[in-house]
>>> print(open('data_7.tsv').read())   # TSV, C-alpha atoms and all ligand atoms
chain	number	residue	atom	x	y	z
A	1	ASP	CA	111.69	131.77	47.05
A	2	GLU	CA	109.54	129.64	49.30
A	3	THR	CA	106.29	131.12	48.01
A	4	LEU	CA	104.52	129.03	45.37
A	5	VAL	CA	101.14	130.77	45.32
A	6	LYS	CA	100.42	134.36	46.29
A	7	VAL	CA	96.83	135.57	46.28
A	8	GLN	CA	96.18	139.27	46.84
A	9	GLY	CA	92.91	141.15	47.11
A	10	LEU	CA	91.02	138.33	45.41
A	11	GLN	CA	87.38	139.05	44.66
A	12	LYS	CA	84.75	137.12	42.78
A	13	HIS	CA	81.35	138.73	42.48
A	14	PHE	CA	78.58	136.99	40.58
A	15	PRO	CA	75.93	139.22	39.04
A	16	VAL	CA	72.32	138.43	39.89
A	17	ARG	CA	69.96	139.24	37.01
A	18	SER	CA	66.24	139.69	37.28
A	19	GLY	CA	63.25	141.13	35.48
A	20	LEU	CA	62.22	140.99	31.87
A	21	PHE	CA	65.48	142.40	30.53
A	22	GLY	CA	67.75	140.41	32.82
A	23	ARG	CA	69.28	143.52	34.31
A	24	VAL	CA	71.93	143.04	36.95
A	25	THR	CA	70.16	143.90	40.18
A	26	ALA	CA	72.66	142.66	42.74
A	27	GLN	CA	76.06	141.07	43.21
A	28	VAL	CA	76.79	137.91	45.14
A	29	ARG	CA	80.07	138.73	46.83
A	30	ALA	CA	81.26	135.11	46.96
A	31	VAL	CA	84.90	136.06	47.51
A	32	ASP	CA	85.38	139.57	48.77
A	33	GLY	CA	88.99	140.47	49.38
A	34	VAL	CA	91.14	137.43	50.16
A	35	ASP	CA	94.91	137.34	50.69
A	36	PHE	CA	97.05	134.29	51.39
A	37	GLU	CA	100.19	132.47	50.35
A	38	ILE	CA	100.97	128.80	49.87
A	39	HIS	CA	104.59	127.80	50.34
A	40	ARG	CA	106.28	125.09	48.30
A	41	GLY	CA	105.45	121.62	49.60
A	42	GLU	CA	103.09	123.02	52.21
A	43	THR	CA	99.51	122.00	52.96
A	44	LEU	CA	97.21	124.94	53.57
A	45	GLY	CA	93.77	124.00	54.85
A	46	LEU	CA	90.91	126.29	53.83
A	47	VAL	CA	87.91	125.89	56.11
A	48	GLY	CA	84.46	127.39	56.37
A	49	GLU	CA	80.75	126.69	56.12
A	50	SER	CA	79.17	126.13	52.76
A	51	GLY	CA	78.68	129.55	51.17
A	52	SER	CA	81.88	130.98	52.69
A	53	GLY	CA	83.57	131.22	49.27
A	54	LYS	CA	86.22	128.55	49.71
A	55	SER	CA	85.44	126.57	46.52
A	56	THR	CA	85.31	129.79	44.52
A	57	THR	CA	88.69	130.74	45.98
A	58	GLY	CA	90.14	127.35	45.02
A	59	ARG	CA	88.87	127.64	41.47
A	60	ALA	CA	90.16	131.18	41.13
A	61	VAL	CA	93.66	130.04	42.15
A	62	LEU	CA	93.66	127.75	39.09
A	63	ARG	CA	91.83	130.39	37.07
A	64	LEU	CA	89.03	127.94	36.38
A	65	ILE	CA	86.93	131.03	37.02
A	66	GLU	CA	87.98	134.61	36.27
A	67	PRO	CA	88.30	136.71	39.43
A	68	SER	CA	86.51	140.08	39.51
A	69	ALA	CA	89.55	141.73	41.09
A	70	GLY	CA	92.87	140.93	42.69
A	71	SER	CA	95.85	138.90	41.60
A	72	VAL	CA	97.07	135.31	41.71
A	73	HIS	CA	100.77	134.64	41.30
A	74	PHE	CA	101.95	131.08	40.72
A	75	ASP	CA	105.69	130.58	41.00
A	76	GLY	CA	106.13	134.30	40.46
A	77	VAL	CA	103.93	134.46	37.35
A	78	ASP	CA	100.71	136.48	37.32
A	79	ILE	CA	98.36	133.79	36.01
A	80	LEU	CA	95.60	136.30	35.29
A	81	SER	CA	97.83	137.86	32.64
A	82	LEU	CA	98.50	134.61	30.74
A	83	ASP	CA	97.03	133.92	27.32
A	84	SER	CA	95.27	130.58	26.85
A	85	GLY	CA	98.36	128.70	25.60
A	86	ALA	CA	100.55	129.86	28.46
A	87	LEU	CA	97.74	129.22	30.91
A	88	ARG	CA	97.35	125.65	29.67
A	89	ARG	CA	101.06	124.98	30.18
A	90	THR	CA	101.05	126.55	33.64
A	91	ARG	CA	97.90	124.73	34.62
A	92	ALA	CA	99.62	121.38	34.14
A	93	ARG	CA	101.56	122.32	37.27
A	94	MET	CA	98.39	123.07	39.24
A	95	GLN	CA	95.80	120.33	39.37
A	96	MET	CA	92.43	119.98	41.02
A	97	ILE	CA	90.70	117.13	42.85
A	98	PHE	CA	86.94	117.60	43.07
A	99	GLN	CA	84.46	116.46	45.66
A	100	ASP	CA	82.56	114.10	43.41
A	101	PRO	CA	84.69	111.32	41.91
A	102	TYR	CA	81.60	110.04	40.07
A	103	SER	CA	81.10	113.03	37.83
A	104	SER	CA	84.75	113.93	37.35
A	105	LEU	CA	85.63	110.77	35.40
A	106	ASP	CA	84.42	110.10	31.86
A	107	PRO	CA	82.22	106.98	32.18
A	108	GLN	CA	83.26	105.87	28.66
A	109	ALA	CA	86.99	106.05	29.32
A	110	THR	CA	89.12	103.26	30.77
A	111	VAL	CA	91.55	104.05	33.56
A	112	ALA	CA	94.36	103.79	31.00
A	113	ASP	CA	92.68	106.51	28.94
A	114	SER	CA	91.68	108.89	31.79
A	115	VAL	CA	95.04	108.76	33.53
A	116	GLY	CA	96.94	108.37	30.25
A	117	GLU	CA	95.53	111.47	28.56
A	118	PRO	CA	97.54	114.02	30.57
A	119	LEU	CA	100.61	111.82	30.06
A	120	ARG	CA	100.11	112.09	26.31
A	121	VAL	CA	99.38	115.82	26.38
A	122	HIS	CA	102.08	116.92	28.81
A	123	ARG	CA	104.77	114.26	28.48
A	124	GLY	CA	104.18	113.02	24.93
A	125	LEU	CA	103.79	109.39	26.07
A	126	ARG	CA	101.95	106.89	23.87
A	127	GLY	CA	101.20	103.18	23.67
A	128	ARG	CA	103.20	100.89	25.90
A	129	ALA	CA	105.23	103.70	27.48
A	130	ARG	CA	102.04	105.49	28.41
A	131	ASP	CA	100.49	102.35	29.93
A	132	ASP	CA	103.65	101.71	31.95
A	133	ALA	CA	103.51	105.25	33.31
A	134	VAL	CA	99.81	104.84	34.12
A	135	VAL	CA	100.55	101.63	36.05
A	136	GLU	CA	103.22	103.45	38.02
A	137	LEU	CA	100.72	106.17	38.93
A	138	LEU	CA	98.08	103.57	39.84
A	139	GLU	CA	100.53	101.90	42.19
A	140	THR	CA	101.31	105.28	43.75
A	141	VAL	CA	97.64	105.68	44.65
A	142	GLY	CA	97.12	102.10	45.83
A	143	LEU	CA	95.63	100.54	42.68
A	144	GLN	CA	97.16	97.91	40.41
A	145	ALA	CA	98.00	97.08	36.80
A	146	ARG	CA	94.93	94.84	36.58
A	147	HIS	CA	92.76	97.97	36.86
A	148	LEU	CA	94.16	99.45	33.64
A	149	ARG	CA	91.37	98.44	31.23
A	150	ARG	CA	88.48	98.95	33.61
A	151	PHE	CA	85.78	101.60	33.50
A	152	PRO	CA	84.72	103.97	36.31
A	153	TYR	CA	81.51	102.05	37.09
A	154	GLU	CA	83.63	99.06	38.12
A	155	PHE	CA	85.13	100.98	41.05
A	156	SER	CA	83.98	102.11	44.48
A	157	GLY	CA	83.85	105.83	45.34
A	158	GLY	CA	87.17	105.67	47.17
A	159	GLN	CA	88.84	103.89	44.25
A	160	ARG	CA	87.45	106.46	41.81
A	161	GLN	CA	88.90	109.24	43.91
A	162	ARG	CA	92.25	107.40	43.77
A	163	ILE	CA	91.96	107.36	39.97
A	164	CYS	CA	91.29	111.11	39.99
A	165	ILE	CA	94.36	111.61	42.17
A	166	ALA	CA	96.47	109.49	39.79
A	167	ARG	CA	95.24	111.58	36.86
A	168	ALA	CA	96.03	114.81	38.72
A	169	LEU	CA	99.57	113.57	39.44
A	170	ALA	CA	100.25	112.66	35.80
A	171	PRO	CA	101.61	116.09	34.75
A	172	SER	CA	103.87	116.22	37.86
A	173	PRO	CA	102.12	119.22	39.43
A	174	ASP	CA	103.57	121.54	42.08
A	175	LEU	CA	100.12	122.28	43.50
A	176	LEU	CA	97.01	120.19	44.09
A	177	VAL	CA	93.80	122.01	44.97
A	178	CYS	CA	91.58	119.48	46.73
A	179	ASP	CA	87.98	120.69	47.09
A	180	GLU	CA	86.20	118.58	49.73
A	181	PRO	CA	88.01	115.50	48.34
A	182	VAL	CA	86.49	113.07	50.86
A	183	SER	CA	83.09	114.62	51.60
A	184	ALA	CA	81.27	112.38	49.10
A	185	LEU	CA	82.97	109.21	50.38
A	186	ASP	CA	81.96	106.75	53.09
A	187	VAL	CA	83.28	107.81	56.47
A	188	SER	CA	85.15	104.50	56.70
A	189	ILE	CA	87.35	105.32	53.72
A	190	GLN	CA	87.77	109.07	54.21
A	191	ALA	CA	90.86	108.57	56.36
A	192	GLN	CA	92.47	106.31	53.74
A	193	VAL	CA	92.13	108.94	51.04
A	194	ILE	CA	93.38	111.70	53.34
A	195	ASN	CA	96.37	109.55	54.31
A	196	LEU	CA	97.04	108.93	50.62
A	197	LEU	CA	97.04	112.66	49.90
A	198	GLU	CA	99.36	113.23	52.84
A	199	ASP	CA	101.77	110.50	51.64
A	200	ILE	CA	101.78	111.96	48.13
A	201	GLN	CA	102.35	115.45	49.47
A	202	GLN	CA	105.36	114.24	51.43
A	203	GLU	CA	106.79	111.93	48.77
A	204	PHE	CA	106.60	114.41	45.91
A	205	GLY	CA	106.80	117.67	47.85
A	206	ILE	CA	103.58	118.89	46.27
A	207	ALA	CA	101.80	121.83	47.86
A	208	LEU	CA	98.15	121.21	48.74
A	209	LEU	CA	95.30	123.63	49.10
A	210	PHE	CA	92.93	121.42	51.06
A	211	ILE	CA	89.39	122.80	51.14
A	212	SER	CA	86.88	121.42	53.63
A	213	HIS	CA	83.94	122.43	55.78
A	214	ASP	CA	85.33	120.13	58.47
A	215	LEU	CA	88.04	121.58	60.68
A	216	ALA	CA	88.80	118.17	62.19
A	217	VAL	CA	89.56	116.74	58.72
A	218	VAL	CA	91.77	119.68	57.82
A	219	ARG	CA	93.68	119.70	61.08
A	220	HIS	CA	95.50	116.45	60.48
A	221	ILE	CA	96.73	117.16	57.00
A	222	SER	CA	97.45	120.90	57.22
A	223	ASP	CA	100.57	122.81	58.12
A	224	ARG	CA	98.57	126.01	58.31
A	225	ILE	CA	94.84	126.65	58.29
A	226	ALA	CA	92.89	129.60	56.89
A	227	VAL	CA	89.31	130.05	58.11
A	228	MET	CA	86.82	131.70	55.74
A	229	TYR	CA	83.57	133.41	56.56
A	230	LEU	CA	81.31	135.15	54.05
A	231	GLY	CA	83.95	135.68	51.42
A	232	ARG	CA	86.81	136.68	53.73
A	233	ILE	CA	89.62	134.96	55.59
A	234	VAL	CA	89.01	135.73	59.26
A	235	GLU	CA	91.89	133.77	60.75
A	236	ILE	CA	95.05	132.15	59.44
A	237	GLY	CA	97.73	130.37	61.43
A	238	GLU	CA	99.68	127.23	62.22
A	239	ALA	CA	97.32	124.24	62.26
A	240	GLU	CA	97.86	123.40	65.94
A	241	GLN	CA	97.37	126.99	67.04
A	242	VAL	CA	94.15	127.37	65.06
A	243	TYR	CA	92.84	124.08	66.40
A	244	THR	CA	93.84	124.38	70.04
A	245	GLN	CA	94.01	128.14	70.56
A	246	PRO	CA	91.68	129.71	68.02
A	247	ARG	CA	91.88	133.49	67.88
A	248	HIS	CA	88.65	134.22	66.04
A	249	PRO	CA	85.21	133.62	67.61
A	250	TYR	CA	84.07	131.97	64.37
A	251	THR	CA	86.93	129.47	64.56
A	252	GLU	CA	85.92	128.76	68.16
A	253	ALA	CA	82.39	128.15	66.97
A	254	LEU	CA	83.55	125.71	64.28
A	255	LEU	CA	85.58	123.87	66.91
A	256	SER	CA	82.73	123.62	69.33
A	257	ALA	CA	80.67	121.99	66.57
A	258	ILE	CA	83.14	119.10	66.25
A	259	PRO	CA	81.40	116.09	67.79
A	260	VAL	CA	84.45	113.96	68.55
A	261	PRO	CA	85.52	114.25	72.21
A	262	ASP	CA	88.80	116.07	72.36
A	263	PRO	CA	90.20	117.02	75.77
A	264	VAL	CA	92.16	119.93	74.34
A	265	VAL	CA	89.13	121.74	72.97
A	266	GLN	CA	86.63	120.44	75.50
A	267	ARG	CA	87.19	123.55	77.55
A	268	ARG	CA	85.57	125.57	74.83
A	269	ARG	CA	82.99	123.01	73.82
A	270	ASP	CA	79.86	124.53	75.27
A	271	ARG	CA	80.80	128.12	74.97
A	272	ILE	CA	79.84	129.09	71.46
A	273	VAL	CA	76.83	127.96	69.53
A	274	LEU	CA	76.25	129.53	66.18
A	275	ASP	CA	72.84	131.15	65.99
A	276	GLY	CA	71.07	131.07	62.67
A	277	ASP	CA	72.41	130.55	59.19
A	278	ILE	CA	75.32	132.20	57.48
A	279	PRO	CA	73.98	135.57	56.19
A	280	SER	CA	73.51	136.01	52.46
A	281	PRO	CA	76.62	137.01	50.51
A	282	LEU	CA	74.28	139.32	48.56
A	283	ALA	CA	74.34	141.71	51.48
A	284	PRO	CA	77.08	140.91	54.00
A	285	PRO	CA	76.47	142.59	57.36
A	286	PRO	CA	78.24	145.95	57.81
A	287	GLY	CA	81.24	146.15	60.12
A	288	CYS	CA	82.43	142.69	61.08
A	289	ARG	CA	80.58	140.19	58.91
A	290	PHE	CA	80.36	137.79	61.83
A	291	HIS	CA	78.74	140.26	64.23
A	292	THR	CA	75.21	138.93	63.67
A	293	ARG	CA	76.27	135.57	65.11
A	294	CYS	CA	79.12	136.50	67.42
A	295	PRO	CA	78.57	136.17	71.17
A	296	TYR	CA	81.33	138.73	71.82
A	297	ALA	CA	80.03	141.42	69.45
A	298	MET	CA	80.67	144.98	70.64
A	299	ASP	CA	79.37	148.30	69.32
A	300	VAL	CA	82.47	148.78	67.19
A	301	CYS	CA	81.84	145.42	65.51
A	302	ARG	CA	78.58	146.63	63.97
A	303	GLU	CA	80.32	149.58	62.29
A	304	VAL	CA	83.99	148.94	61.67
A	305	ASP	CA	85.22	146.14	59.42
A	306	PRO	CA	88.11	144.61	61.40
A	307	PRO	CA	91.39	144.50	59.45
A	308	MET	CA	93.60	141.41	59.46
A	309	ILE	CA	95.90	141.87	62.45
A	310	PRO	CA	99.24	140.09	61.96
A	311	MET	CA	100.07	137.67	64.79
A	312	ALA	CA	102.65	134.92	65.33
A	313	GLY	CA	102.32	132.41	62.49
A	314	GLY	CA	99.43	134.23	60.80
A	315	GLY	CA	96.75	136.71	61.74
A	316	VAL	CA	93.19	137.37	62.79
A	317	ALA	CA	90.51	139.85	61.74
A	318	CYS	CA	88.66	140.62	64.96
A	319	HIS	CA	88.36	143.69	67.16
A	320	LEU	CA	89.00	141.59	70.25
A	321	HIS	CA	92.62	141.57	69.12
A	322	ASP	CA	92.93	145.28	68.38
A	323	ARG	CA	96.14	146.72	69.70
A	324	GLY	CA	96.95	150.20	70.86
A	325	PRO	CA	94.58	152.39	72.83
A	326	ARG	CA	91.74	150.09	73.79
A	327	LEU	CA	88.87	152.27	72.71
A	328	HIS	CA	86.76	149.29	71.85
A	329	GLY	CA	86.58	147.48	75.13
A	330	ARG	CA	87.74	144.06	76.11
A	331	SER	CA	90.70	141.97	75.12
A	332	VAL	CA	90.61	138.20	74.76
A	333	LEU	CA	92.38	137.78	78.08
A	334	GLU	CA	89.58	139.56	79.88
A	335	ILE	CA	87.06	137.27	78.23
A	336	GLU	CA	88.95	134.20	79.38
B	1	LIG	FE1	82.94	139.11	67.09
B	1	LIG	FE2	83.50	141.71	66.95
B	1	LIG	FE3	85.44	139.93	66.63
B	1	LIG	FE4	83.58	140.25	64.77
B	1	LIG	S1	85.09	141.75	65.41
B	1	LIG	S2	84.35	138.33	65.52
B	1	LIG	S3	81.77	140.64	66.00
B	1	LIG	S4	84.23	140.28	68.49
B	2	MG	MG	82.16	124.08	48.13
>>> encode(input="data_7.tsv", output="structure tokens")
Amino acid sequence: DETLVKVQGLQKHFPVRSGLFGRVTAQVRAVDGVDFEIHRGETLGLVGESGSGKSTTGRAVLRLIEPSAGSVHFDGVDILSLDSGALRRTRARMQMIFQDPYSSLDPQATVADSVGEPLRVHRGLRGRARDDAVVELLETVGLQARHLRRFPYEFSGGQRQRICIARALAPSPDLLVCDEPVSALDVSIQAQVINLLEDIQQEFGIALLFISHDLAVVRHISDRIAVMYLGRIVEIGEAEQVYTQPRHPYTEALLSAIPVPDPVVQRRRDRIVLDGDIPSPLAPPPGCRFHTRCPYAMDVCREVDPPMIPMAGGGVACHLHDRGPRLHGRSVLEIE
């Protein structure tokens, strides 16, 4: 089976409490019905503005948070059904890289200890054998044996992220969830860390869920890209298709926000500007959630929530792509 991760109907609602008795008065619908798969050794990019629910989705895949509804299967196992012991063993195979390499390393622990701990826990390595394995991991991520006894404060941001990657690789995972792994780093070293992740993905055949607000960053590393908006995936497809022939107006809008000149997308550059902020996930707009900002919005969009329409290599949730009797007006071709 090529499927490593299968997410179905995933929801995560956070209660909002208010008043003297802390009653639940509302629900933040951070993730509100998400389906996707990650194949073995594949990189799936997950893109969207902040507040779209992508980090929550990434954490739910590892069950670092408990979903409100839906299921997550990892290598055929329903991880939401696992008890804590079984979850701990399974989680060794699914590791996470966080945005902030400063806060995700223990400032009191040497590199040998941070990277060595999972080697002790999962592979039973101690002493010299553990240090040798740590050095091997350090070399994999572009650091050296001389870094073994150093502390996090002695490293740059990029080097700390390399240490985090080495630690994540220690249990030989099948999946790495990378949540904005380069957003906190200097622009000059972002590409190095992305290239490192790509090399690792190829060398070890690890699947990546690569979360970013930046479609240009995701494009280069991803096989497929899923675009999230207000707790839903609105488009999913092969990376090149999503980047050069986006099917969803929101994807088009994200592309037109990319500042780097790119002849392929230039054609669309000036066409869509997002008005206003992303609406509150406390009360997503009815119908299509994007209709309040969509330049193509039709009457149907204000009332009917568009289903995900399967298309070559993925799908799109937008009434412009509705098939069958065209009760709702225009098709994309007419808009072009
Ligand atoms: Fe725009 Fe309507 Fe498509 Fe939503 S369904 S993205 S409002 S055209
Ligand atoms: Mg986030």
>>> residues_around(input="data_7.tsv", residues="Gly205 in chain A", least_positions_apart="4", cutoff="8 Å", atoms="all atoms listed in the file", output="compact mmCIF listing (two decimals) with C-alpha atoms, keeping the file's coordinate frame")
# COMPACT_ATOMS: atom_id res chain seq x y z
CA ARG A 40 106.28 125.09 48.30
CA GLY A 41 105.45 121.62 49.60
CA GLU A 42 103.09 123.02 52.21
CA ASP A 174 103.57 121.54 42.08
CA ILE A 200 101.78 111.96 48.13
CA GLN A 201 102.35 115.45 49.47
>>> closest_atom_pairs(input="data_7.tsv", of="chain A", to="ligand MG 2 (chain B)", cutoff="8 Å", atoms="all atoms listed in the file", output="Markdown table")
| residue | atom | partner | partner_atom | distance |
| --- | --- | --- | --- | --- |
| A:Ser50 | CA | B:MG2 | MG | 5.9 |
| A:Gly51 | CA | B:MG2 | MG | 7.2 |
| A:Gly53 | CA | B:MG2 | MG | 7.4 |
| A:Lys54 | CA | B:MG2 | MG | 6.2 |
| A:Ser55 | CA | B:MG2 | MG | 4.4 |
| A:Thr56 | CA | B:MG2 | MG | 7.5 |
| A:Asp179 | CA | B:MG2 | MG | 6.8 |
| A:Glu180 | CA | B:MG2 | MG | 7.0 |
| A:Ile211 | CA | B:MG2 | MG | 7.9 |
| A:Ser212 | CA | B:MG2 | MG | 7.7 |
>>> atom_distance(input="data_7.tsv", atom1="CA of Glu238 in chain A", atom2="CA of Ala207 in chain A")
15.5 Å
>>> closest_atom_pairs(input="data_7.tsv", of="chain A", to="ligand LIG 1 (chain B)", cutoff="12 Å", atoms="all atoms listed in the file", output="Markdown table")
| residue | atom | partner | partner_atom | distance |
| --- | --- | --- | --- | --- |
| A:Tyr229 | CA | B:LIG1 | S2 | 10.3 |
| A:Ile233 | CA | B:LIG1 | S2 | 11.7 |
| A:Val234 | CA | B:LIG1 | S2 | 8.2 |
| A:Glu235 | CA | B:LIG1 | S2 | 10.0 |
| A:Pro246 | CA | B:LIG1 | S2 | 11.6 |
| A:Arg247 | CA | B:LIG1 | FE3 | 9.2 |
| A:His248 | CA | B:LIG1 | S2 | 6.0 |
| A:Pro249 | CA | B:LIG1 | S2 | 5.2 |
| A:Tyr250 | CA | B:LIG1 | S2 | 6.5 |
| A:Thr251 | CA | B:LIG1 | S2 | 9.3 |
| A:Glu252 | CA | B:LIG1 | S2 | 10.1 |
| A:Ala253 | CA | B:LIG1 | S2 | 10.5 |
| A:Ile272 | CA | B:LIG1 | FE1 | 11.4 |
| A:Leu274 | CA | B:LIG1 | FE1 | 11.7 |
| A:Pro285 | CA | B:LIG1 | S3 | 10.3 |
| A:Pro286 | CA | B:LIG1 | S3 | 10.4 |
| A:Gly287 | CA | B:LIG1 | FE4 | 7.9 |
| A:Cys288 | CA | B:LIG1 | FE4 | 4.6 |
| A:Arg289 | CA | B:LIG1 | FE4 | 6.6 |
| A:Phe290 | CA | B:LIG1 | FE4 | 5.0 |
| A:His291 | CA | B:LIG1 | S3 | 3.5 |
| A:Thr292 | CA | B:LIG1 | S3 | 7.2 |
| A:Arg293 | CA | B:LIG1 | S3 | 7.5 |
| A:Cys294 | CA | B:LIG1 | FE1 | 4.6 |
| A:Pro295 | CA | B:LIG1 | FE1 | 6.7 |
| A:Tyr296 | CA | B:LIG1 | S4 | 4.7 |
| A:Ala297 | CA | B:LIG1 | S3 | 3.9 |
| A:Met298 | CA | B:LIG1 | FE2 | 5.7 |
| A:Asp299 | CA | B:LIG1 | FE2 | 8.1 |
| A:Val300 | CA | B:LIG1 | FE2 | 7.1 |
| A:Cys301 | CA | B:LIG1 | FE2 | 4.3 |
| A:Arg302 | CA | B:LIG1 | S3 | 7.1 |
| A:Glu303 | CA | B:LIG1 | FE2 | 9.7 |
| A:Val304 | CA | B:LIG1 | S1 | 8.2 |
| A:Asp305 | CA | B:LIG1 | S1 | 7.4 |
| A:Pro306 | CA | B:LIG1 | S1 | 5.8 |
| A:Pro307 | CA | B:LIG1 | S1 | 9.1 |
| A:Met308 | CA | B:LIG1 | S1 | 10.4 |
| A:Ile309 | CA | B:LIG1 | S1 | 11.2 |
| A:Val316 | CA | B:LIG1 | FE3 | 9.0 |
| A:Ala317 | CA | B:LIG1 | S1 | 6.8 |
| A:Cys318 | CA | B:LIG1 | FE3 | 3.7 |
| A:His319 | CA | B:LIG1 | S1 | 4.2 |
| A:Leu320 | CA | B:LIG1 | S4 | 5.3 |
| A:His321 | CA | B:LIG1 | FE3 | 7.8 |
| A:Asp322 | CA | B:LIG1 | S1 | 9.1 |
| A:His328 | CA | B:LIG1 | FE2 | 9.6 |
| A:Gly329 | CA | B:LIG1 | S4 | 10.1 |
| A:Arg330 | CA | B:LIG1 | S4 | 9.2 |
| A:Ser331 | CA | B:LIG1 | S4 | 9.4 |
| A:Val332 | CA | B:LIG1 | S4 | 9.2 |
| A:Ile335 | CA | B:LIG1 | S4 | 10.6 |
>>> closest_residue(input="data_7.tsv", among="A:Ser156, A:Gln202, A:Gln27, A:Ser114", to="Ala283 in chain A", atoms="only C-alpha atoms")
A:Gln27
>>> closest_residue(input="data_7.tsv", among="A:Ile79, A:Ala239, A:Leu138, A:Ile38", to="Leu175 in chain A", atoms="all atoms listed in the file")
A:Ile38
>>> residues_around(input="data_7.tsv", residues="Ala30 in chain A", least_positions_apart="5", cutoff="7 Å", atoms="all atoms listed in the file", output="JSON, numbers by chain")
{"A": [12, 13, 53, 231, 281]}
>>> axis_aligned_box(input="data_7.tsv", around="range 93-104 of chain A", padding_each_side="5 Å", output="lines of an AutoDock Vina configuration file")
center_x = 91.3
center_y = 116.6
center_z = 41.5
size_x = 30.5
size_y = 23.0
size_z = 18.4
